[in-house]
file entry.cif (mmCIF, C-alpha atoms)
data_protein
loop_
_atom_site.group_PDB
_atom_site.id
_atom_site.type_symbol
_atom_site.label_atom_id
_atom_site.label_comp_id
_atom_site.auth_asym_id
_atom_site.auth_seq_id
_atom_site.Cartn_x
_atom_site.Cartn_y
_atom_site.Cartn_z
ATOM 1 C CA MET A 20 -0.037 -37.278 3.082
ATOM 2 C CA TYR A 21 2.693 -38.377 0.678
ATOM 3 C CA SER A 22 2.270 -38.315 -3.096
ATOM 4 C CA ASP A 23 4.285 -40.372 -5.598
ATOM 5 C CA HIS A 24 3.285 -38.155 -8.482
ATOM 6 C CA PRO A 25 6.083 -35.632 -9.223
ATOM 7 C CA MET A 26 3.700 -32.831 -10.256
ATOM 8 C CA LYS A 27 1.354 -33.117 -7.272
ATOM 9 C CA ALA A 28 2.264 -31.065 -4.254
ATOM 10 C CA VAL A 29 2.524 -32.787 -0.928
ATOM 11 C CA ASN A 30 -0.043 -31.685 1.647
ATOM 12 C CA SER A 31 -1.780 -29.358 -0.786
ATOM 13 C CA SER A 32 -5.219 -28.359 0.323
ATOM 14 C CA PRO A 33 -7.748 -26.625 -1.932
ATOM 15 C CA ALA A 34 -8.989 -24.604 1.046
ATOM 16 C CA LYS A 35 -5.598 -22.922 1.480
ATOM 17 C CA ARG A 36 -5.303 -22.146 -2.217
ATOM 18 C CA CYS A 37 -8.723 -20.483 -2.378
ATOM 19 C CA ARG A 38 -7.950 -18.262 0.613
ATOM 20 C CA ALA A 39 -5.456 -16.120 -1.301
ATOM 21 C CA LEU A 40 -7.836 -14.157 -3.494
ATOM 22 C CA PRO A 41 -10.336 -13.051 -0.803
ATOM 23 C CA ALA A 42 -7.491 -12.063 1.518
ATOM 24 C CA SER A 43 -5.813 -10.094 -1.278
ATOM 25 C CA ALA A 44 -9.110 -8.416 -2.122
ATOM 26 C CA ALA A 45 -9.484 -7.361 1.512
ATOM 27 C CA ALA A 46 -5.890 -6.095 1.495
ATOM 28 C CA ALA A 47 -6.664 -4.172 -1.700
ATOM 29 C CA ALA A 48 -9.714 -2.592 -0.061
ATOM 30 C CA THR A 49 -7.525 -1.601 2.878
ATOM 31 C CA GLY A 50 -4.950 -0.123 0.501
ATOM 32 C CA ALA A 51 -7.649 1.867 -1.284
ATOM 33 C CA ALA A 52 -9.018 3.189 2.016
ATOM 34 C CA LEU A 53 -5.544 4.151 3.234
ATOM 35 C CA ALA A 54 -4.784 5.866 -0.088
ATOM 36 C CA CYS A 55 -8.015 7.893 0.069
ATOM 37 C CA GLY A 56 -7.244 8.818 3.660
ATOM 38 C CA ALA A 57 -3.716 9.896 2.760
ATOM 39 C CA VAL A 58 -4.918 12.041 -0.164
ATOM 40 C CA TRP A 59 -7.522 13.683 2.069
ATOM 41 C CA PHE A 60 -5.000 14.256 4.869
ATOM 42 C CA PHE A 61 -2.384 15.815 2.575
ATOM 43 C CA ALA A 62 -5.028 18.062 0.992
ATOM 44 C CA ARG A 63 -6.013 19.217 4.469
ATOM 45 C CA VAL A 64 -2.351 19.885 5.336
ATOM 46 C CA ASP A 65 -1.976 21.946 2.140
ATOM 47 C CA ARG A 66 -5.064 24.012 3.003
ATOM 48 C CA HIS A 67 -3.730 24.583 6.517
ATOM 49 C CA ASP A 68 -0.354 25.660 5.148
ATOM 50 C CA GLU A 69 -1.952 28.121 2.728
ATOM 51 C CA ARG A 70 -3.816 29.799 5.593
ATOM 52 C CA ALA A 71 -0.898 29.743 8.019
ATOM 53 C CA CYS A 72 1.670 30.976 5.500
ATOM 54 C CA ALA A 73 -0.509 33.534 3.692
ATOM 55 C CA THR A 74 1.243 36.487 5.319
ATOM 56 C CA THR A 75 4.780 35.133 4.945
ATOM 57 C CA ASP A 76 6.888 36.184 1.965
ATOM 58 C CA GLY A 77 9.706 33.665 2.470
ATOM 59 C CA LEU A 78 9.816 30.021 3.358
ATOM 60 C CA CYS A 79 7.173 28.863 5.770
ATOM 61 C CA TRP A 80 6.855 25.525 7.529
ATOM 62 C CA THR A 81 4.293 24.461 10.030
ATOM 63 C CA TRP A 82 4.421 21.474 12.318
ATOM 64 C CA TRP A 83 1.937 19.792 9.969
ATOM 65 C CA ASP A 84 4.594 19.834 7.245
ATOM 66 C CA TRP A 85 7.038 18.000 9.474
ATOM 67 C CA ALA A 86 4.493 15.571 10.921
ATOM 68 C CA SER A 87 2.401 14.681 7.868
ATOM 69 C CA VAL A 88 4.648 12.021 6.311
ATOM 70 C CA PRO A 89 5.606 10.245 9.576
ATOM 71 C CA LEU A 90 1.965 10.293 10.714
ATOM 72 C CA THR A 91 0.756 8.859 7.412
ATOM 73 C CA LEU A 92 3.402 6.126 7.367
ATOM 74 C CA THR A 93 2.707 5.199 11.004
ATOM 75 C CA VAL A 94 -1.049 4.964 10.465
ATOM 76 C CA ALA A 95 -0.541 2.889 7.315
ATOM 77 C CA LEU A 96 1.946 0.576 9.034
ATOM 78 C CA ILE A 97 -0.279 -0.060 12.048
ATOM 79 C CA SER A 98 -3.400 -0.470 9.910
ATOM 80 C CA LEU A 99 -1.788 -2.926 7.514
ATOM 81 C CA MET A 100 -0.260 -4.960 10.334
ATOM 82 C CA ALA A 101 -3.650 -5.232 12.043
ATOM 83 C CA VAL A 102 -5.529 -6.103 8.858
ATOM 84 C CA TYR A 103 -2.912 -8.592 7.671
ATOM 85 C CA LYS A 104 -2.925 -10.282 11.072
ATOM 86 C CA ARG A 105 -6.707 -10.557 10.917
ATOM 87 C CA LEU A 106 -6.527 -11.951 7.362
ATOM 88 C CA ASP A 107 -3.705 -14.334 8.341
ATOM 89 C CA ILE A 108 -1.378 -12.955 5.673
ATOM 90 C CA THR A 109 2.136 -14.038 6.614
ATOM 91 C CA PRO A 110 4.996 -13.156 6.711
ATOM 92 C CA ARG A 111 3.829 -9.676 7.637
ATOM 93 C CA LEU A 112 7.346 -8.346 8.171
ATOM 94 C CA ALA A 113 8.255 -9.215 4.578
ATOM 95 C CA VAL A 114 5.113 -7.661 3.075
ATOM 96 C CA VAL A 115 4.166 -4.588 5.090
ATOM 97 C CA PRO A 116 7.432 -2.552 4.966
ATOM 98 C CA PRO A 117 7.715 -2.636 1.138
ATOM 99 C CA THR A 118 4.009 -1.893 0.887
ATOM 100 C CA VAL A 119 4.294 1.158 3.117
ATOM 101 C CA LEU A 120 7.714 2.461 2.074
ATOM 102 C CA LEU A 121 7.287 2.143 -1.692
ATOM 103 C CA ALA A 122 3.594 3.070 -1.837
ATOM 104 C CA PRO A 123 4.133 6.839 -2.148
ATOM 105 C CA LEU A 124 5.519 6.387 -5.679
ATOM 106 C CA PRO A 125 2.448 4.778 -7.291
ATOM 107 C CA LEU A 126 0.076 6.840 -5.141
ATOM 108 C CA THR A 127 1.702 10.138 -6.103
ATOM 109 C CA ALA A 128 1.801 9.214 -9.783
ATOM 110 C CA ALA A 129 -1.842 8.155 -9.779
ATOM 111 C CA ALA A 130 -2.945 11.220 -7.837
ATOM 112 C CA ALA A 131 -1.081 13.453 -10.292
ATOM 113 C CA VAL A 132 -2.924 11.892 -13.218
ATOM 114 C CA ALA A 133 -6.363 11.133 -11.789
ATOM 115 C CA ASP A 134 -6.759 12.812 -8.369
ATOM 116 C CA TRP A 135 -8.083 10.826 -5.373
ATOM 117 C CA TRP A 136 -9.781 7.983 -7.239
ATOM 118 C CA GLY A 137 -6.578 7.243 -9.150
ATOM 119 C CA ALA A 138 -4.707 7.103 -5.865
ATOM 120 C CA ALA A 139 -7.377 4.770 -4.475
ATOM 121 C CA LEU A 140 -7.024 2.423 -7.455
ATOM 122 C CA ALA A 141 -3.237 2.501 -7.246
ATOM 123 C CA GLY A 142 -3.372 1.847 -3.495
ATOM 124 C CA ALA A 143 -5.698 -1.089 -4.050
ATOM 125 C CA ALA A 144 -3.514 -2.559 -6.798
ATOM 126 C CA TRP A 145 -0.321 -2.031 -4.800
ATOM 127 C CA ALA A 146 -1.551 -3.482 -1.494
ATOM 128 C CA GLY A 147 -3.483 -6.313 -3.146
ATOM 129 C CA GLY A 148 -0.579 -7.295 -5.371
ATOM 130 C CA LEU A 149 1.970 -7.392 -2.596
ATOM 131 C CA ALA A 150 -0.429 -9.271 -0.313
ATOM 132 C CA LEU A 151 -1.052 -11.818 -3.075
ATOM 133 C CA ALA A 152 2.711 -12.322 -3.343
ATOM 134 C CA THR A 153 2.747 -14.040 0.056
ATOM 135 C CA TRP A 154 1.260 -17.186 -1.488
ATOM 136 C CA ASP A 155 3.755 -19.301 -3.433
ATOM 137 C CA ARG A 156 1.358 -20.020 -6.264
ATOM 138 C CA HIS A 157 0.753 -16.331 -7.008
ATOM 139 C CA ARG A 158 4.161 -14.886 -6.125
ATOM 140 C CA ILE A 159 5.652 -14.360 -9.604
ATOM 141 C CA PRO A 160 2.582 -12.746 -11.248
ATOM 142 C CA ALA A 161 1.907 -10.585 -8.186
ATOM 143 C CA LEU A 162 5.481 -9.309 -7.945
ATOM 144 C CA ALA A 163 5.541 -8.754 -11.715
ATOM 145 C CA ALA A 164 2.355 -6.676 -11.473
ATOM 146 C CA ALA A 165 3.763 -4.695 -8.533
ATOM 147 C CA ALA A 166 7.010 -4.092 -10.424
ATOM 148 C CA ALA A 167 5.094 -2.980 -13.521
ATOM 149 C CA LEU A 168 3.050 -0.572 -11.400
ATOM 150 C CA LEU A 169 6.221 0.788 -9.798
ATOM 151 C CA ILE A 170 7.979 1.257 -13.152
ATOM 152 C CA ALA A 171 4.893 2.885 -14.686
ATOM 153 C CA SER A 172 4.614 5.260 -11.742
ATOM 154 C CA LEU A 173 8.294 6.191 -12.021
ATOM 155 C CA GLY A 174 7.766 6.836 -15.730
ATOM 156 C CA THR A 175 4.762 9.026 -14.939
ATOM 157 C CA LEU A 176 6.573 10.992 -12.241
ATOM 158 C CA TYR A 177 9.864 11.536 -14.062
ATOM 159 C CA ARG A 178 8.862 12.008 -17.692
#
call {"tool": "encode", "arguments": {"input": "entry.cif", "output": "structure tokens"}}
result
Amino acid sequence: MYSDHPMKAVNSSPAKRCRALPASAAAAATGAALACGAVWFFARVDRHDERACATTDGLCWTWWDWASVPLTLTVALISLMAVYKRLDITPRLAVVPPTVLLAPLPLTAAAAVADWWGAALAGAAWAGGLALATWDRHRIPALAAAAALLIASLGTLYR
């Protein structure tokens, strides 16, 4: 359908525009669940390390120390790819890697300030904001919110 009006988008459908917010809300719920899971997993790794290294006076590493970050990133990557495919959030390759690779900054800052529920809120805001950025109409505000969250988390971590 062609439009002569310069401000009206060609082939714009209200159904496609309304799909962004529910999909971003589902992505935010996924981000919150992954953040809670990561906080729980790292707490479990810390408890395991305390027991395993209780008798050691020097440096002590267990295989959990070496495997915890790659395991967490792999689970998050696979989970987000599956959820984003189900929600029809595209392009997944442009959204998922920044979501997974930069997420430890806001999650760590939020967990340092407000424990697991802060990490859950930060994970929800981070994943929801970057998922919302896949729609043209919401790209600038979503990326601005994600950038503000990233800058605030860096300020929290390095103050």
call {"tool": "residues_around", "arguments": {"input": "entry.cif", "residues": "Ser98 (chain A)", "least_positions_apart": "5", "cutoff": "10 Å", "atoms": "all atoms listed in the file", "output": "list of chain:residue names"}}
result
A:Thr49, A:Gly50, A:Leu53, A:Leu92, A:Thr93, A:Tyr103, A:Lys104, A:Val115
call {"tool": "residues_around", "arguments": {"input": "entry.cif", "residues": "Trp83 (chain A)", "least_positions_apart": "6", "cutoff": "10 Å", "atoms": "only C-alpha atoms", "output": "JSON, numbers by chain"}}
result
{"A": [61, 63, 64, 65, 67, 68, 90]}
call {"tool": "resolve_selection", "arguments": {"input": "entry.cif", "expression": "the PyMOL selection byres ((chain A and resi 176) around 10)", "output": "list in words"}}
result
Leu124, Pro125, Thr127, Ala128, Ala129, Ala131, Val132, Ile170, Ala171, Ser172, Leu173, Gly174, Thr175, Tyr177 and Arg178 of chain A
call {"tool": "residues_around", "arguments": {"input": "entry.cif", "residues": "region 153-161 of chain A", "least_positions_apart": "5", "cutoff": "9 Å", "atoms": "all atoms listed in the file", "output": "PyMOL selection string"}}
result
chain A and resi 36+39+108-111+113-114+147-148+166
call {"tool": "write_last_selection", "arguments": {"input": "entry.cif", "atoms": "C-alpha atoms", "output": "PDB file, in the coordinates of the input"}}
result
ATOM      1  CA  ARG A  36      -5.303 -22.146  -2.217  1.00  0.00           C
ATOM      2  CA  ALA A  39      -5.456 -16.120  -1.301  1.00  0.00           C
ATOM      3  CA  ILE A 108      -1.378 -12.955   5.673  1.00  0.00           C
ATOM      4  CA  THR A 109       2.136 -14.038   6.614  1.00  0.00           C
ATOM      5  CA  PRO A 110       4.996 -13.156   6.711  1.00  0.00           C
ATOM      6  CA  ARG A 111       3.829  -9.676   7.637  1.00  0.00           C
ATOM      7  CA  ALA A 113       8.255  -9.215   4.578  1.00  0.00           C
ATOM      8  CA  VAL A 114       5.113  -7.661   3.075  1.00  0.00           C
ATOM      9  CA  GLY A 147      -3.483  -6.313  -3.146  1.00  0.00           C
ATOM     10  CA  GLY A 148      -0.579  -7.295  -5.371  1.00  0.00           C
ATOM     11  CA  ALA A 166       7.010  -4.092 -10.424  1.00  0.00           C
TER      12      ALA A 166
END
call {"tool": "residues_around", "arguments": {"input": "entry.cif", "residues": "Thr91 (chain A)", "least_positions_apart": "2", "cutoff": "9 Å", "atoms": "only C-alpha atoms", "output": "list in words"}}
result
Leu53, Gly56, Ala57, Phe60, Ala86, Ser87, Val88, Pro89, Thr93, Val94, Ala95 and Leu96 of chain A
call {"tool": "residues_around", "arguments": {"input": "entry.cif", "residues": "Leu78 (chain A)", "least_positions_apart": "6", "cutoff": "12 Å", "atoms": "all atoms listed in the file", "output": "list in words"}}
result
Asp68, Glu69, Ala71 and Cys72 of chain A
call {"tool": "residues_near_point", "arguments": {"input": "entry.cif", "point": "(-2.7, -0.4, -5.1)", "cutoff": "8 Å", "atoms": "all atoms listed in the file", "output": "list of chain:residue names"}}
result
A:Ala47, A:Gly50, A:Ala51, A:Ala122, A:Pro125, A:Leu126, A:Ala138, A:Ala139, A:Leu140, A:Ala141, A:Gly142, A:Ala143, A:Ala144, A:Trp145, A:Ala146, A:Gly147, A:Gly148
